[in-house]
>>> print(open('structure_21.tsv').read())   # TSV, C-alpha atoms
chain	number	residue	atom	x	y	z
A	1	MET	CA	7.18	-15.55	8.37
A	2	THR	CA	5.81	-14.40	5.04
A	3	SER	CA	2.04	-14.15	4.88
A	4	PRO	CA	0.44	-15.90	1.91
A	5	PHE	CA	-1.69	-12.77	1.46
A	6	GLU	CA	0.42	-9.63	1.76
A	7	LEU	CA	3.61	-8.38	3.42
A	8	THR	CA	3.59	-8.05	7.19
A	9	CYS	CA	4.48	-4.88	9.09
A	10	GLN	CA	7.73	-6.50	10.23
A	11	GLU	CA	8.71	-7.12	6.63
A	12	ILE	CA	7.91	-3.49	5.82
A	13	VAL	CA	10.31	-2.35	8.56
A	14	GLU	CA	13.01	-4.61	7.16
A	15	LEU	CA	12.53	-3.33	3.62
A	16	VAL	CA	11.93	0.36	4.20
A	17	THR	CA	15.45	1.65	3.52
A	18	ASP	CA	15.76	-0.43	0.35
A	19	TYR	CA	12.39	0.99	-0.71
A	20	LEU	CA	13.46	4.58	-0.10
A	21	ASP	CA	16.75	3.95	-1.88
A	22	GLY	CA	14.88	2.53	-4.87
A	23	HIS	CA	16.60	-0.84	-4.50
A	24	LEU	CA	13.55	-3.11	-4.26
A	25	GLU	CA	12.75	-5.46	-7.11
A	26	LEU	CA	9.55	-4.40	-8.85
A	27	ALA	CA	7.52	-7.32	-7.50
A	28	GLU	CA	8.66	-6.47	-3.98
A	29	ARG	CA	7.86	-2.80	-4.52
A	30	VAL	CA	4.33	-3.78	-5.56
A	31	ARG	CA	3.81	-5.80	-2.38
A	32	PHE	CA	5.41	-3.05	-0.29
A	33	GLU	CA	3.08	-0.35	-1.62
A	34	GLN	CA	0.08	-2.68	-1.41
A	35	HIS	CA	0.75	-3.09	2.28
A	36	LEU	CA	0.85	0.67	2.72
A	37	HIS	CA	-2.66	0.86	1.30
A	38	THR	CA	-3.96	-1.28	4.15
A	39	CYS	CA	-1.75	-0.09	7.00
A	40	ALA	CA	-1.84	3.49	8.24
A	41	PRO	CA	0.88	2.90	10.90
A	42	CYS	CA	3.31	1.76	8.20
A	43	VAL	CA	2.49	4.88	6.17
A	44	SER	CA	3.43	6.94	9.25
A	45	TYR	CA	6.60	4.93	9.71
A	46	LEU	CA	7.60	5.48	6.09
A	47	GLU	CA	6.95	9.20	6.43
A	48	GLN	CA	9.06	9.35	9.62
A	49	MET	CA	11.91	7.56	7.88
A	50	ARG	CA	11.66	9.88	4.89
A	51	THR	CA	11.72	12.93	7.22
A	52	MET	CA	14.65	11.56	9.22
A	53	ILE	CA	16.70	10.89	6.10
A	54	GLY	CA	15.88	14.36	4.78
A	55	LEU	CA	16.97	15.98	8.06
A	56	ALA	CA	20.13	13.90	8.26
A	57	ALA	CA	21.09	15.13	4.81
A	58	THR	CA	21.06	18.72	6.07
A	59	LEU	CA	23.53	18.05	8.92
A	60	ASP	CA	27.18	18.98	8.67
A	61	ALA	CA	29.47	16.10	7.82
A	62	PRO	CA	30.99	14.45	10.92
A	63	PRO	CA	34.77	14.71	11.40
A	64	SER	CA	36.61	12.23	9.25
A	65	ALA	CA	37.70	9.09	11.07
A	66	ALA	CA	41.10	9.57	9.50
A	67	SER	CA	41.66	12.96	11.15
A	68	GLU	CA	43.71	13.16	14.33
A	69	PRO	CA	41.62	13.14	17.54
A	70	PRO	CA	42.21	15.99	19.97
A	71	ALA	CA	45.21	15.53	22.24
A	72	ALA	CA	43.07	15.66	25.39
A	73	VAL	CA	40.98	12.75	24.13
A	74	LEU	CA	44.08	10.72	23.29
A	75	ASP	CA	45.52	11.43	26.72
A	76	ALA	CA	42.33	10.37	28.49
A	77	PHE	CA	42.20	7.20	26.41
A	78	ARG	CA	45.82	6.32	27.28
A	79	ARG	CA	45.09	6.72	30.97
A	80	TRP	CA	41.85	4.75	30.74
A	81	LYS	CA	41.98	1.52	32.78
A	82	ARG	CA	45.58	2.29	33.77
A	83	PRO	CA	45.92	0.95	37.33
A	84	GLY	CA	45.69	3.83	39.73
A	85	PRO	CA	47.24	4.14	43.18
A	86	ALA	CA	45.96	1.54	45.61
B	1	VAL	CA	-8.00	0.06	-21.65
B	2	ARG	CA	-9.05	2.42	-18.88
B	3	LEU	CA	-6.43	2.84	-16.18
B	4	PHE	CA	-6.84	4.12	-12.64
B	5	LYS	CA	-5.09	5.37	-9.55
B	6	PHE	CA	-6.28	5.36	-5.95
B	7	LEU	CA	-4.95	8.22	-3.85
B	8	ALA	CA	-5.42	9.51	-0.32
B	9	ALA	CA	-7.67	12.55	0.19
B	10	GLY	CA	-6.29	15.60	-1.59
B	11	ALA	CA	-4.72	13.48	-4.37
B	12	VAL	CA	-1.90	12.46	-2.02
B	13	ASP	CA	0.27	9.52	-3.01
B	14	GLU	CA	1.33	8.21	0.39
B	15	PRO	CA	4.08	5.83	-0.76
B	16	LEU	CA	5.70	8.56	-2.82
B	17	GLY	CA	5.07	11.19	-0.15
B	18	ARG	CA	3.70	13.74	-2.61
B	19	ARG	CA	0.51	15.20	-4.05
B	20	TRP	CA	-0.41	14.53	-7.67
B	21	PRO	CA	-1.30	17.57	-9.80
B	22	VAL	CA	-5.07	17.48	-10.33
B	23	PRO	CA	-6.90	18.33	-13.55
B	24	GLY	CA	-8.22	21.84	-14.00
B	25	ASP	CA	-9.94	23.91	-16.70
B	26	ALA	CA	-10.80	20.74	-18.63
B	27	GLN	CA	-7.10	19.90	-18.80
B	28	PRO	CA	-5.51	16.80	-17.25
B	29	GLY	CA	-3.06	17.19	-14.39
B	30	ALA	CA	0.67	17.52	-15.05
B	31	TRP	CA	2.71	14.39	-15.74
B	32	VAL	CA	4.24	12.58	-12.78
B	33	GLU	CA	7.36	10.48	-13.19
B	34	GLN	CA	8.90	10.52	-9.79
B	35	HIS	CA	9.87	6.92	-9.15
B	36	ALA	CA	12.94	5.56	-10.94
B	37	SER	CA	11.34	2.18	-11.59
B	38	GLY	CA	8.10	3.69	-12.89
B	39	MET	CA	4.66	4.74	-11.73
B	40	PHE	CA	2.04	2.21	-10.62
B	41	VAL	CA	-1.38	2.43	-12.26
B	42	TYR	CA	-4.20	-0.10	-12.17
B	43	CYS	CA	-6.58	-1.97	-14.42
B	44	ALA	CA	-10.09	-2.48	-13.08
B	45	SER	CA	-9.13	-5.98	-11.96
B	46	ASP	CA	-6.35	-4.55	-9.74
B	47	LEU	CA	-8.49	-2.07	-7.85
B	48	PRO	CA	-9.25	-4.01	-4.64
B	49	TYR	CA	-5.53	-4.21	-3.83
B	50	TRP	CA	-5.13	-0.44	-3.84
B	51	LEU	CA	-8.31	1.01	-2.32
B	52	HIS	CA	-8.07	4.51	-0.96
B	53	ASP	CA	-10.05	7.72	-0.51
B	54	GLU	CA	-10.07	8.99	-4.09
B	55	LEU	CA	-10.28	7.09	-7.36
B	56	TRP	CA	-8.86	8.74	-10.47
B	57	GLU	CA	-8.73	7.78	-14.10
B	58	VAL	CA	-5.24	8.30	-15.51
B	59	ASP	CA	-3.50	8.82	-18.83
B	60	VAL	CA	-0.16	7.15	-19.26
B	61	ALA	CA	2.86	7.69	-21.50
B	62	GLY	CA	5.20	4.90	-22.51
B	63	GLU	CA	4.68	1.19	-22.68
B	64	PRO	CA	2.89	-0.29	-19.63
B	65	ALA	CA	4.47	-3.38	-18.09
B	66	ASP	CA	2.25	-5.81	-16.19
B	67	VAL	CA	3.97	-6.74	-12.93
B	68	GLY	CA	0.98	-8.40	-11.29
B	69	ASP	CA	-1.69	-6.43	-9.40
B	70	CYS	CA	-0.73	-3.27	-11.29
B	71	LEU	CA	0.93	-1.88	-14.40
B	72	VAL	CA	4.15	0.08	-14.35
B	73	VAL	CA	4.46	3.04	-16.68
B	74	PRO	CA	7.19	5.65	-17.10
B	75	ARG	CA	4.77	8.58	-16.69
B	76	ALA	CA	1.16	9.09	-15.67
B	77	ARG	CA	-1.21	11.96	-15.05
B	78	LEU	CA	-4.67	12.32	-13.53
B	79	SER	CA	-7.32	12.84	-16.19
B	80	ARG	CA	-10.53	12.87	-14.13
B	81	ARG	CA	-11.83	11.83	-10.77
B	82	ILE	CA	-14.30	8.94	-10.55
B	83	GLU	CA	-16.90	10.81	-8.53
B	84	LEU	CA	-18.95	7.70	-7.83
B	85	TRP	CA	-16.25	6.53	-5.42
B	86	GLN	CA	-17.39	8.32	-2.28
B	87	PRO	CA	-17.71	7.19	1.35
B	88	GLU	CA	-21.28	5.96	0.76
B	89	MET	CA	-20.21	3.84	-2.20
B	90	ALA	CA	-17.22	2.58	-0.22
B	91	ARG	CA	-19.60	1.53	2.54
B	92	ARG	CA	-21.78	-0.35	0.06
B	93	PHE	CA	-18.67	-2.08	-1.22
B	94	ASP	CA	-17.61	-3.05	2.32
B	95	LEU	CA	-21.00	-4.51	3.10
B	96	ALA	CA	-21.01	-6.46	-0.16
B	97	CYS	CA	-17.55	-7.88	0.62
B	98	VAL	CA	-18.62	-8.92	4.11
B	99	GLN	CA	-21.86	-10.42	2.80
B	100	HIS	CA	-20.07	-12.44	0.13
B	101	ALA	CA	-17.46	-13.74	2.56
B	102	SER	CA	-20.23	-14.65	5.04
B	103	GLU	CA	-22.00	-16.70	2.40
B	104	LEU	CA	-18.81	-18.61	1.60
B	105	LEU	CA	-18.14	-19.23	5.28
B	106	ALA	CA	-21.64	-20.56	5.77
B	107	GLN	CA	-21.01	-23.18	3.09
B	108	ALA	CA	-17.66	-24.30	4.56
B	109	GLU	CA	-16.93	-27.18	6.91
B	110	PRO	CA	-17.21	-26.12	10.59
B	111	ALA	CA	-13.53	-26.88	11.26
B	112	ALA	CA	-12.41	-24.61	8.44
B	113	ARG	CA	-14.70	-21.84	9.63
B	114	GLU	CA	-13.08	-21.24	13.02
B	115	LEU	CA	-10.08	-19.12	11.95
B	116	ALA	CA	-11.97	-17.52	9.08
B	117	ALA	CA	-14.71	-16.37	11.48
B	118	GLY	CA	-12.18	-14.19	13.33
B	119	TYR	CA	-11.15	-12.45	10.14
B	120	LEU	CA	-14.77	-12.03	9.17
B	121	GLU	CA	-15.45	-10.35	12.52
B	122	ASP	CA	-12.58	-7.97	11.75
B	123	ALA	CA	-14.13	-7.26	8.36
B	124	GLU	CA	-17.53	-6.57	9.92
B	125	TYR	CA	-16.01	-4.26	12.50
B	126	CYS	CA	-14.01	-2.36	9.87
B	127	ALA	CA	-17.09	-2.06	7.66
B	128	GLU	CA	-19.02	-0.57	10.58
B	129	GLU	CA	-16.17	1.86	11.22
B	130	GLY	CA	-15.92	2.86	7.56
B	131	GLU	CA	-12.43	1.42	7.16
B	132	VAL	CA	-12.95	0.41	3.56
B	133	ARG	CA	-9.43	-0.78	2.85
B	134	PHE	CA	-9.32	-3.05	5.86
B	135	ALA	CA	-12.85	-4.45	5.58
B	136	SER	CA	-12.38	-5.81	2.07
B	137	PHE	CA	-8.88	-7.05	2.90
B	138	SER	CA	-10.06	-8.91	6.00
B	139	ALA	CA	-13.03	-10.36	4.12
B	140	ALA	CA	-10.67	-11.71	1.44
B	141	VAL	CA	-8.29	-13.11	4.06
B	142	ALA	CA	-11.27	-14.80	5.75
B	143	VAL	CA	-12.09	-16.55	2.50
B	144	GLY	CA	-8.42	-17.41	1.98
B	145	THR	CA	-8.19	-19.13	5.35
B	146	LEU	CA	-11.14	-21.36	4.48
B	147	ALA	CA	-8.93	-23.09	1.93
B	148	ALA	CA	-6.18	-25.61	2.60
B	149	PRO	CA	-2.90	-23.80	3.37
B	150	ALA	CA	-1.46	-24.60	-0.05
B	151	ASP	CA	-4.48	-23.03	-1.73
B	152	ALA	CA	-4.96	-20.08	0.66
B	153	ALA	CA	-3.29	-17.45	-1.51
B	154	HIS	CA	-5.24	-18.62	-4.54
B	155	ALA	CA	-8.53	-18.47	-2.65
B	156	TYR	CA	-7.64	-15.00	-1.35
B	157	ARG	CA	-6.94	-13.76	-4.87
B	158	ARG	CA	-10.15	-15.33	-6.18
B	159	GLU	CA	-12.07	-13.33	-3.58
B	160	ARG	CA	-10.19	-10.18	-4.57
B	161	ALA	CA	-11.27	-10.90	-8.16
B	162	TRP	CA	-14.89	-11.06	-6.97
B	163	GLN	CA	-14.40	-7.68	-5.26
B	164	ALA	CA	-12.89	-6.24	-8.45
B	165	ALA	CA	-15.91	-7.40	-10.44
B	166	TRP	CA	-18.18	-5.64	-7.93
B	167	LEU	CA	-16.23	-2.40	-8.29
B	168	GLU	CA	-16.24	-2.67	-12.05
B	169	ARG	CA	-20.00	-3.20	-12.10
B	170	HIS	CA	-20.97	-0.51	-9.59
B	171	VAL	CA	-18.26	2.14	-9.91
B	172	ILE	CA	-16.35	1.88	-13.16
B	173	THR	CA	-18.95	0.85	-15.71
B	174	SER	CA	-21.51	3.24	-14.30
B	175	PHE	CA	-19.23	6.24	-14.59
>>> encode(input="structure_21.tsv", output="structure tokens")
Amino acid sequence: MTSPFELTCQEIVELVTDYLDGHLELAERVRFEQHLHTCAPCVSYLEQMRTMIGLAATLDAPPSAASEPPAAVLDAFRRWKRPGPA
Amino acid sequence: VRLFKFLAAGAVDEPLGRRWPVPGDAQPGAWVEQHASGMFVYCASDLPYWLHDELWEVDVAGEPADVGDCLVVPRARLSRRIELWQPEMARRFDLACVQHASELLAQAEPAARELAAGYLEDAEYCAEEGEVRFASFSAAVAVGTLAAPADAAHAYRRERAWQAAWLERHVITSF
């Protein structure tokens, strides 16, 4: 539920990625940053998210979903749940 | 119009996750224009919503847009620190906020006072602990809850306006 006074911590958690992506409307950004001025835990949370996103950006790209999986994986998948000997 | 910026100790802007360049050798700090949608700066009437460790006066470049509770400008820089805003002044401000909210509570109907009293206790506790941002916030929320639900936000903002007037009188005008 929205507080008549300021954003709640739960709302901050819901909005944090939009905030970091710069996608919040200005009025929402004002309320978001106002909340940070009265809530040290949310400042920490924002900093953790910022750090995590920064670290994720340094990782190598994962294998493309379109690339062929290794043969051993395909073989194991084909045998998965196949009825075995009684 | 004089414009301001509250920052964490060391001129740190916590939402932006960076430190603002501070003035030196009688020169203002370097311009900051990090956020795509603009930098937030405050009029005196906005100050209670943004309380923090350090209060700075700022120069701005570009046309300010009023978005409610702050102005948005393309660029801003720190011009000088308001040295009157120190822990002792913050404590005086806290105590004034608590005192004012207490007076309003004392005038209210007993039924309306019950919820507000809890917030006022929070404000008193935070004032004792030196948590300036939380004490004034809780005091304003206490006053807001005295009003009918439909008028709560208005009453809260009216109390914030009283707090802004206090800051203007004791911190801004005197500096």
>>> residues_around(input="structure_21.tsv", residues="Leu84 (chain B)", least_positions_apart="3", cutoff="10 Å", atoms="only C-alpha atoms", output="list in words")
Glu54, Leu55, Arg81, Pro87, Glu88, Met89, Ala90, His170, Val171, Ile172, Ser174 and Phe175 of chain B
>>> interface_residues(input="structure_21.tsv", of="chain A", to="chain B", cutoff="10 Å", atoms="all atoms listed in the file", output="tab-separated table (two decimals) with C-alpha atoms, in the frame of the given file")
chain	number	residue	atom	x	y	z
A	3	SER	CA	2.04	-14.15	4.88
A	4	PRO	CA	0.44	-15.90	1.91
A	5	PHE	CA	-1.69	-12.77	1.46
A	6	GLU	CA	0.42	-9.63	1.76
A	19	TYR	CA	12.39	0.99	-0.71
A	20	LEU	CA	13.46	4.58	-0.10
A	21	ASP	CA	16.75	3.95	-1.88
A	22	GLY	CA	14.88	2.53	-4.87
A	23	HIS	CA	16.60	-0.84	-4.50
A	24	LEU	CA	13.55	-3.11	-4.26
A	25	GLU	CA	12.75	-5.46	-7.11
A	26	LEU	CA	9.55	-4.40	-8.85
A	27	ALA	CA	7.52	-7.32	-7.50
A	29	ARG	CA	7.86	-2.80	-4.52
A	30	VAL	CA	4.33	-3.78	-5.56
A	31	ARG	CA	3.81	-5.80	-2.38
A	32	PHE	CA	5.41	-3.05	-0.29
A	33	GLU	CA	3.08	-0.35	-1.62
A	34	GLN	CA	0.08	-2.68	-1.41
A	35	HIS	CA	0.75	-3.09	2.28
A	36	LEU	CA	0.85	0.67	2.72
A	37	HIS	CA	-2.66	0.86	1.30
A	38	THR	CA	-3.96	-1.28	4.15
A	39	CYS	CA	-1.75	-0.09	7.00
A	40	ALA	CA	-1.84	3.49	8.24
A	42	CYS	CA	3.31	1.76	8.20
A	43	VAL	CA	2.49	4.88	6.17
A	44	SER	CA	3.43	6.94	9.25
A	46	LEU	CA	7.60	5.48	6.09
A	47	GLU	CA	6.95	9.20	6.43
A	50	ARG	CA	11.66	9.88	4.89
>>> residues_around(input="structure_21.tsv", residues="Pro28 (chain B)", least_positions_apart="3", cutoff="12 Å", atoms="only C-alpha atoms", output="list in words")
Trp20, Pro21, Val22, Pro23, Gly24, Asp25, Trp31, Val32, Trp56, Glu57, Val58, Asp59, Val60, Ala76, Arg77, Leu78, Ser79, Arg80 and Arg81 of chain B
>>> atom_distance(input="structure_21.tsv", atom1="CA of Ala111 (chain B)", atom2="CA of Gln10 (chain A)")
29.5 Å
>>> atom_distance(input="structure_21.tsv", atom1="CA of Asp122 (chain B)", atom2="CA of Gln86 (chain B)")
22.0 Å
>>> atom_distance(input="structure_21.tsv", atom1="CA of Ala117 (chain B)", atom2="CA of Glu11 (chain A)")
25.6 Å
>>> closest_residue(input="structure_21.tsv", among="B:Cys97, B:Leu115, B:Val73, B:Leu146", to="Ala165 (chain B)", atoms="all atoms listed in the file")
B:Cys97
